[in-house]
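Below is one structure, written out as structure tokens; the observations come after it.
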Amino acid sequence: MVSEKNKAYPRGLIFAALILFIALGAGLYFLLHSHAEEHKREKIAELQAALDYKMAQIDHWIKAQSANASLISDSPFLGQAVQRWRENPGDVKLRASIRSRLNGWQEHFGYSDVLLADQNGNILLEADGTVDVLSPETKAYLQKALAEGKHLLADFYMCTVHNTPHIDVIAPINTGARGKAGKSAVILRVSPGDYLYPLMKNNAFQGLTFETLLIRRDGDSVLFLNDVRFAQDAALKLKISLSEKDVPAVRAVLEGRTVGEGRDYRGQKVLAVTGALARSSWFMVAKIDLQEVNDANRANALIWSLAALLIFAGSVSVLSILFLNQRKDYFKKLYALENERQALVKHFDYLTKYANDIIFLIDDSLKVAEINDRALDIYGYTREEFIGMEADRLRADDQKALFKTQMSQLVLQKGLIYETMHRRQDGTTFPVEISARSIEIEGKKYLQAIVRDITERRLFEQKIQERNEELESANQELLAAEEELRQSNEKLESNYAELESANVELKSAEEGLQHNLEEIQITKKRYTELFQGINSGVAVYRAVDDGNDFVFVDFNRAGQRIEKTSADQVIGRKVTEVFPGIKPMGLLEVFQRVWRTGRPEHFPVSTYKDARLEAWRENYVYKLPSGEVVAIYNDLTEQKKVEAQLKENVSLLKIAGDKAKLGGWSIDLKNNICTWSDETAAIHDRPAGYSPLLEEGISYYAPEWRGKIAKVFAECAQKGITYDEEMEIITANGKRVWVRTIGEPVKDEAGKI
């Protein structure tokens with residue numbers, strides 16, 4: 001009996017061990033398969049994160065180029081400066097100013113070169129001075145940007161002149177002609193080797209075969225834009241046919257965002273994610289060899305197989321089972337913690353390495369889980385102080401109330417870009433732009449935030465706003481001055497119309513009035529010349545000697561014409577030197593008061609006199625926010641002379657009208673209003689000063705004459721045909737009176753009636 005039991009016992013043990021072995025084997029298979037799939041998903045997530053980060057960096061770079069180009073194209077000052085220089089190429093000072101701008105953009109924005117070119121592709125100015133001619137490819141992009149009238153980001157291309165890859169940002173220059181682009185442009189030349197290529201090679205993702213590729217469609221092929229890891233000199237040369245649809249680069253061009261396995265340019269099997277870059281024709285691929293992923297799985301399989309063998313061997317003894325189970329649980333927890341730590345390190349390392357921006361990783365309790373070195377430099381906290389810190393502590397006090405709302409919105413939308421104010425350890429605050437997204441690592445959710453200090457951008461925007469406000473203030477003051485001058489012009493137009501009407505009336509006056517008619521013709525000529533020559537002079541001054549004198553800063557063409565001088569002869573000189581009579585005139589005191597008080601003043605028409613000239617001037621003086629003083633003035637010398645003569649002529653005309661029963665009239669065609677002289681009103685039995693609308697004036701003619709007067713008046717107003725007719729009118733009192741009516745068109749400088 002004992003021997004039978006002893007024989008049966010080993011067989012049962014073997015059978016139990018076999019069942020246990022099979023169960024362990026099946027469990028091990030499913031465990032390894034599950035772990036392999038999980039590992040693959042982790043790699044895909046890491047590839048996706050790396051791809052999104054680099055795509056975000058390139059997208060930000062594209063936005064920055066567009067913003068730089070818009071700043072140049074929208075600058076009226078640059079456009080006007082380039083236009084003036086092209087009209088006067090010998091202006092060395094203006095040329096140096098423009099070239100200084102080109103050098104500033106090159107140094108500030110890091111461009112390899114900045115050029116100014118015309119519509120024919122001729123280089124007008126260059127920052128470096130090393131480029132003599134533009135390649136045909138550059139000219140083609142230049143002409144396209146000028147034709148469309150907007151800035152253009154050229155694609156990667158191999159320059160046939162310099163045999164190097166280029167990316168050009170072309171900004172047409174606004175010359176100020178109603179906002180239309182001019183016939184020249186600024187070319188911001190980018191060397192891909194300075195930023196884009198290093199960004200693509202920056203493989204923070206831990207992997208022996210990991211790499212990112214920048215590509216675009218080129219006909220029926222995919223063109224690689226950057227050098228690849230496993231082939232030399234591939235940029236802008238390596239191509240793959242679109243028919244090879246198992247290649248991730250081909251799938252990227254055909255489908256955009258993809259995830260999966262395939263073959264790369266070497267024919268190796270890879271695990272890859274792809275995406276399309278917004279605002280460009282570029283696509284990106286992040287990949288790693290499938291063999292490297294599987295090698296990690298094999299190592300895990302070996303570990304789990306050994307663990308299964310240990311479990312199987314330990315099942316012989318209860319103590320061994322308990323011991324091994326305890327060790328197993330311990331190692332599983334240790335392994336899980338190590339995996340989580342390694343995943344965090346891998347994920348954050350490739351995001352933070354070489355990053356100039358501040359990067360945070362925040363856990364689901366809204367506490368800081370990891371930061372990069374840039375955050376330590378900016379905020380002044382140590383790493384130990386940062387880790388575990390409540391994230392809202394970094395907010396300025398007036399922004400903390402928005403924190404939880406923005407975090408909830410971020411989680412719902414899976415990503416959010418917003419601006420806020422952050423606070424350093426020393427209590428100082430600064431503006432930031434945050435690009436945040438929700439991510440998952442080892443089944444645990446985190447918030448990843450990329451923070452950028454936008455202090456300089458805010459200061460730049462503030463300066464632009466202040467300058468715009470200054471320009472708007474100056475513009476409003478100029479509009480006020482223009483309105484005042486317009487009213488003066490309207491008064492002169494009215495005087496001119498009255499004089500023209502008097503001239504028509506005097507044509508049929510008695511022979512004794514001929515002398516007066518000739519004098520009126522002379523006055524008419526003087527008024528015409530004065531009207532056509534009306535234009536305001538504008539001078540800009542800078543105070544010197546504590547406001548005791550003022551130096552010319554700028555002088556417009558009207559002022560040069562009025563004073564019979566040029567800007568070169570006055571700019572930089574003191575006003576008391578150029579116009580010594582300004583102090584006795586009293587205008588210098590007005591300059592000083594306006595400069596000190598900032599309140600604008602109207603200096604009435606006054607006599608200016610020096611050894612060179614004697615003239616009448618009317619001035620409007622105000623102070624710019626920059627401290628400069630502006631004088632808008634009008635030369636009223638001729639007007640003063642004409643006014644004196646006009647008083648005499650009007651008096652004579654009134655005497656002539658009373659004696660000859662001669663009335664005058666004029667018609668404002670734009671507003672359809674008649675202006676009658678007092679004698680014309682009396683002829684129609686209307687009170688002095690009465691002026692009707694055009695239709696009412698025609699209605700005074702007898703019915704049988706209204707068709708005739710309407711016809712001859714229309715020919716006069718539309719074709720400029722003078723008429724002289726005798727017709728019968730019916731006055732306001734019902735009397736029929738025969739009158740002689742004469743109509744003559746009055747034309748402006750453009751020939752318009």
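Labels for the structure tokens follow display order: chains A, B, ..., residues from 1 in each chain, ligands from 1.
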**Contact residues around Leu479 of chain A with only C-alpha atoms at 12 Å, ignoring same-chain residues under 6 positions, as JSON, numbers by chain** = {"A": [472, 473, 485, 486, 620, 632]}
**Request:** Could you give me, as a PyMOL selection string, the residues within 12 Å of segment 456-469 of chain A, counting only C-alpha atoms and dropping anything in the same chain fewer than 3 positions from it?
**Result:** chain A and resi 64+67+71+75-76+419-421+430-433+452-453+472-476+624-626
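Proximity ranking of A:Met407, A:Ala481, A:Ala235, A:Ile215 relative to Gly256 of chain A places A:Ile215 first, based on only C-alpha atoms.
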**Fill in**
Of A:Gln413, A:Leu636, A:Gly663, A:Ser34, the one nearest to Leu492 of chain A when counting only C-alpha atoms is A:Leu636
**Request:** Identify, on the basis of only C-alpha atoms, every residue whose closest approach to segment 99-114 of chain A does not exceed 12 Å; exclude the query and any residue fewer than 2 positions from it along the same chain; express the result as a PyMOL selection string.
**Result:** chain A and resi 61+64-65+67-69+71-72+75+77-78+81-82+85+92-97+116-117+123-131+165-171+185-195
Write a file of the selected residues as a PDB file, in the first residue's frame, keeping C-alpha atoms.
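The new file result_9.pdb reads:
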ATOM      1  CA  TRP A  61       8.243  79.721 -36.625  1.00  0.00           C
ATOM      2  CA  ALA A  64       6.730  84.512 -36.670  1.00  0.00           C
ATOM      3  CA  GLN A  65       7.897  84.845 -40.306  1.00  0.00           C
ATOM      4  CA  ALA A  67       4.271  88.481 -38.529  1.00  0.00           C
ATOM      5  CA  ASN A  68       7.707  89.858 -39.489  1.00  0.00           C
ATOM      6  CA  ALA A  69       6.662  90.159 -43.139  1.00  0.00           C
ATOM      7  CA  LEU A  71       5.228  94.327 -40.006  1.00  0.00           C
ATOM      8  CA  ILE A  72       7.439  95.279 -42.973  1.00  0.00           C
ATOM      9  CA  SER A  75       4.972 100.004 -42.443  1.00  0.00           C
ATOM     10  CA  PHE A  77       7.382 104.806 -43.060  1.00  0.00           C
ATOM     11  CA  LEU A  78       9.537 102.165 -44.782  1.00  0.00           C
ATOM     12  CA  ALA A  81      11.484 106.031 -47.364  1.00  0.00           C
ATOM     13  CA  VAL A  82      12.131 103.475 -50.138  1.00  0.00           C
ATOM     14  CA  TRP A  85      15.227 106.973 -52.137  1.00  0.00           C
ATOM     15  CA  VAL A  92      23.221 108.855 -49.079  1.00  0.00           C
ATOM     16  CA  LYS A  93      21.560 109.562 -45.733  1.00  0.00           C
ATOM     17  CA  LEU A  94      18.282 107.909 -46.770  1.00  0.00           C
ATOM     18  CA  ARG A  95      20.159 104.930 -48.247  1.00  0.00           C
ATOM     19  CA  ALA A  96      22.070 104.451 -44.990  1.00  0.00           C
ATOM     20  CA  SER A  97      18.820 104.659 -42.992  1.00  0.00           C
ATOM     21  CA  LEU A 116      15.767  94.945 -50.930  1.00  0.00           C
ATOM     22  CA  ALA A 117      14.884  94.148 -54.567  1.00  0.00           C
ATOM     23  CA  ILE A 123      19.116  93.904 -55.778  1.00  0.00           C
ATOM     24  CA  LEU A 124      18.810  97.510 -54.553  1.00  0.00           C
ATOM     25  CA  LEU A 125      20.306  97.031 -51.068  1.00  0.00           C
ATOM     26  CA  GLU A 126      21.589  94.076 -49.022  1.00  0.00           C
ATOM     27  CA  ALA A 127      22.440  93.667 -45.351  1.00  0.00           C
ATOM     28  CA  ASP A 128      25.513  91.403 -45.858  1.00  0.00           C
ATOM     29  CA  GLY A 129      26.727  92.701 -49.197  1.00  0.00           C
ATOM     30  CA  THR A 130      27.645  89.181 -50.344  1.00  0.00           C
ATOM     31  CA  VAL A 131      24.860  88.554 -52.875  1.00  0.00           C
ATOM     32  CA  PRO A 165      19.011  75.395 -49.825  1.00  0.00           C
ATOM     33  CA  HIS A 166      16.996  78.544 -49.064  1.00  0.00           C
ATOM     34  CA  ILE A 167      13.659  79.597 -47.638  1.00  0.00           C
ATOM     35  CA  ASP A 168      12.708  83.193 -48.461  1.00  0.00           C
ATOM     36  CA  VAL A 169      10.101  85.368 -46.748  1.00  0.00           C
ATOM     37  CA  ILE A 170       9.112  88.065 -49.271  1.00  0.00           C
ATOM     38  CA  ALA A 171       7.349  91.223 -48.023  1.00  0.00           C
ATOM     39  CA  ALA A 185      10.032  94.099 -51.732  1.00  0.00           C
ATOM     40  CA  VAL A 186      12.165  93.040 -48.770  1.00  0.00           C
ATOM     41  CA  ILE A 187      13.508  89.457 -48.965  1.00  0.00           C
ATOM     42  CA  LEU A 188      14.143  87.846 -45.557  1.00  0.00           C
ATOM     43  CA  ARG A 189      16.462  84.945 -46.354  1.00  0.00           C
ATOM     44  CA  VAL A 190      16.381  81.927 -44.050  1.00  0.00           C
ATOM     45  CA  SER A 191      19.073  79.261 -43.983  1.00  0.00           C
ATOM     46  CA  PRO A 192      17.372  75.961 -42.989  1.00  0.00           C
ATOM     47  CA  GLY A 193      20.635  74.889 -41.394  1.00  0.00           C
ATOM     48  CA  ASP A 194      20.315  77.626 -38.754  1.00  0.00           C
ATOM     49  CA  TYR A 195      16.996  76.496 -37.201  1.00  0.00           C
TER      50      TYR A 195
END
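In this structure, atom CA of Gln487 of chain A sits 22.4 Å away from atom CA of Leu693 of chain A.
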**Minimum-distance residue to Tyr53 of chain A, chosen among A:Glu385, A:Glu292, A:Asp357, A:Asp568 (using only C-alpha atoms)** = A:Asp357
**Request:** For Val285 of chain A, work out the shell of residues within 8 Å, counting only C-alpha atoms and skipping chain neighbours fewer than 3 positions away, then give it as a list in words.
**Result:** Leu51, Thr212, Leu213, Leu214, Ile215, Pro248, Ala249, Ala252, Ala272, Val273, Thr274 and Gly275 of chain A
Tell me, as a PDB file with N, CA and C atoms, in the first residue's frame, which residues lie within 12 Å of Gln718 of chain A, counting only C-alpha atoms; anything in the same chain fewer than 6 positions away does not count.
ATOM      1  N   LEU A 669     -24.255 124.207 -58.880  1.00  0.00           N
ATOM      2  CA  LEU A 669     -24.814 123.022 -59.523  1.00  0.00           C
ATOM      3  C   LEU A 669     -24.831 121.823 -58.589  1.00  0.00           C
ATOM      4  N   ALA A 710     -35.054 126.517 -69.923  1.00  0.00           N
ATOM      5  CA  ALA A 710     -34.549 125.223 -69.424  1.00  0.00           C
ATOM      6  C   ALA A 710     -33.541 124.626 -70.397  1.00  0.00           C
ATOM      7  N   LYS A 711     -33.807 124.763 -71.699  1.00  0.00           N
ATOM      8  CA  LYS A 711     -32.913 124.196 -72.710  1.00  0.00           C
ATOM      9  C   LYS A 711     -31.560 124.912 -72.734  1.00  0.00           C
ATOM     10  N   VAL A 712     -31.602 126.293 -72.825  1.00  0.00           N
ATOM     11  CA  VAL A 712     -30.327 127.024 -72.935  1.00  0.00           C
ATOM     12  C   VAL A 712     -29.524 126.904 -71.643  1.00  0.00           C
ATOM     13  N   GLU A 744     -23.183 132.308 -68.421  1.00  0.00           N
ATOM     14  CA  GLU A 744     -21.823 131.941 -68.853  1.00  0.00           C
ATOM     15  C   GLU A 744     -21.253 130.922 -67.863  1.00  0.00           C
ATOM     16  N   PRO A 745     -20.676 129.793 -68.351  1.00  0.00           N
ATOM     17  CA  PRO A 745     -20.137 128.785 -67.413  1.00  0.00           C
ATOM     18  C   PRO A 745     -18.861 129.271 -66.733  1.00  0.00           C
ATOM     19  N   VAL A 746     -18.677 128.866 -65.471  1.00  0.00           N
ATOM     20  CA  VAL A 746     -17.449 129.142 -64.717  1.00  0.00           C
ATOM     21  C   VAL A 746     -16.764 127.806 -64.461  1.00  0.00           C
ATOM     22  N   LYS A 747     -15.533 127.649 -64.916  1.00  0.00           N
ATOM     23  CA  LYS A 747     -14.825 126.367 -64.817  1.00  0.00           C
ATOM     24  C   LYS A 747     -13.674 126.455 -63.826  1.00  0.00           C
ATOM     25  N   GLY A 751     -11.217 122.117 -65.489  1.00  0.00           N
ATOM     26  CA  GLY A 751     -12.146 122.301 -66.594  1.00  0.00           C
ATOM     27  C   GLY A 751     -13.566 121.895 -66.251  1.00  0.00           C
ATOM     28  N   LYS A 752     -13.837 121.635 -64.979  1.00  0.00           N
ATOM     29  CA  LYS A 752     -15.177 121.226 -64.567  1.00  0.00           C
ATOM     30  C   LYS A 752     -16.029 122.444 -64.277  1.00  0.00           C
ATOM     31  N   ILE A 753     -17.327 122.412 -64.778  1.00  0.00           N
ATOM     32  CA  ILE A 753     -18.231 123.560 -64.606  1.00  0.00           C
ATOM     33  C   ILE A 753     -18.792 123.556 -63.188  1.00  0.00           C
TER      34      ILE A 753
END
**Request:** Please identify all polymer residues within 9 Å of Ile358 of chain A, counting only C-alpha atoms, omitting same-chain residues fewer than 4 positions from it, and present them as a list in words.
**Result:**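 Final neighbour list, sorted by chain and number: Thr352, Ile371, Asn372, Asp373, Arg374, Ala375, Leu376, Ile378, Ala449, Ile450, Val451, Arg452 and Asp453 of chain A.
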**Request:** Rounded to one decimal place, report the atom CA of Asn122 of chain A-atom CA of Ser184 of chain A distance in Å.
**Result:**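 About the pair atom CA of Asn122 of chain A and atom CA of Ser184 of chain A: they are 9.5 Å apart.
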**Prompt:** Which residue gives the smallest distance to Val605 of chain A among A:Arg266, A:Lys623, A:Lys640, A:Lys139, with only C-alpha atoms counted?
**Reply:**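 The closest residue to Val605 of chain A is A:Lys640.
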**Message:** I need the residues of segment 397-434 of chain A that end up classed as helix (DSSP H, G or I) by DSSP on the backbone, written out as a list of chain:residue names.
**Reply:**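 Of segment 397-434 of chain A, only A:Asp397, A:Asp398, A:Gln399, A:Lys400, A:Ala401, A:Leu402, A:Phe403, A:Lys404, A:Thr405, A:Gln406, A:Met407, A:Ser408, A:Gln409, A:Leu410, A:Val411, A:Leu412, A:Gln413 fall in helix (DSSP H, G or I).
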**Prompt:** So how many Å separate atom CA of Gln560 of chain A and atom CA of Ala611 of chain A, to one decimal?
**Reply:**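 Straight-line distance from atom CA of Gln560 of chain A to atom CA of Ala611 of chain A works out to 18.3 Å.
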**Item:** Top pick for closest residue to His35 of chain A, considering A:Lys491, A:Arg298, A:Lys574, A:Arg216 and counting only C-alpha atoms
**Value:**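 Using only C-alpha atoms, His35 of chain A sits closest to A:Arg298.
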**Fill in**
Of A:His60, A:Asp118, A:Ala49, A:Cys674, the one sitting nearest Gln448 of chain A when using only C-alpha atoms is A:Ala49
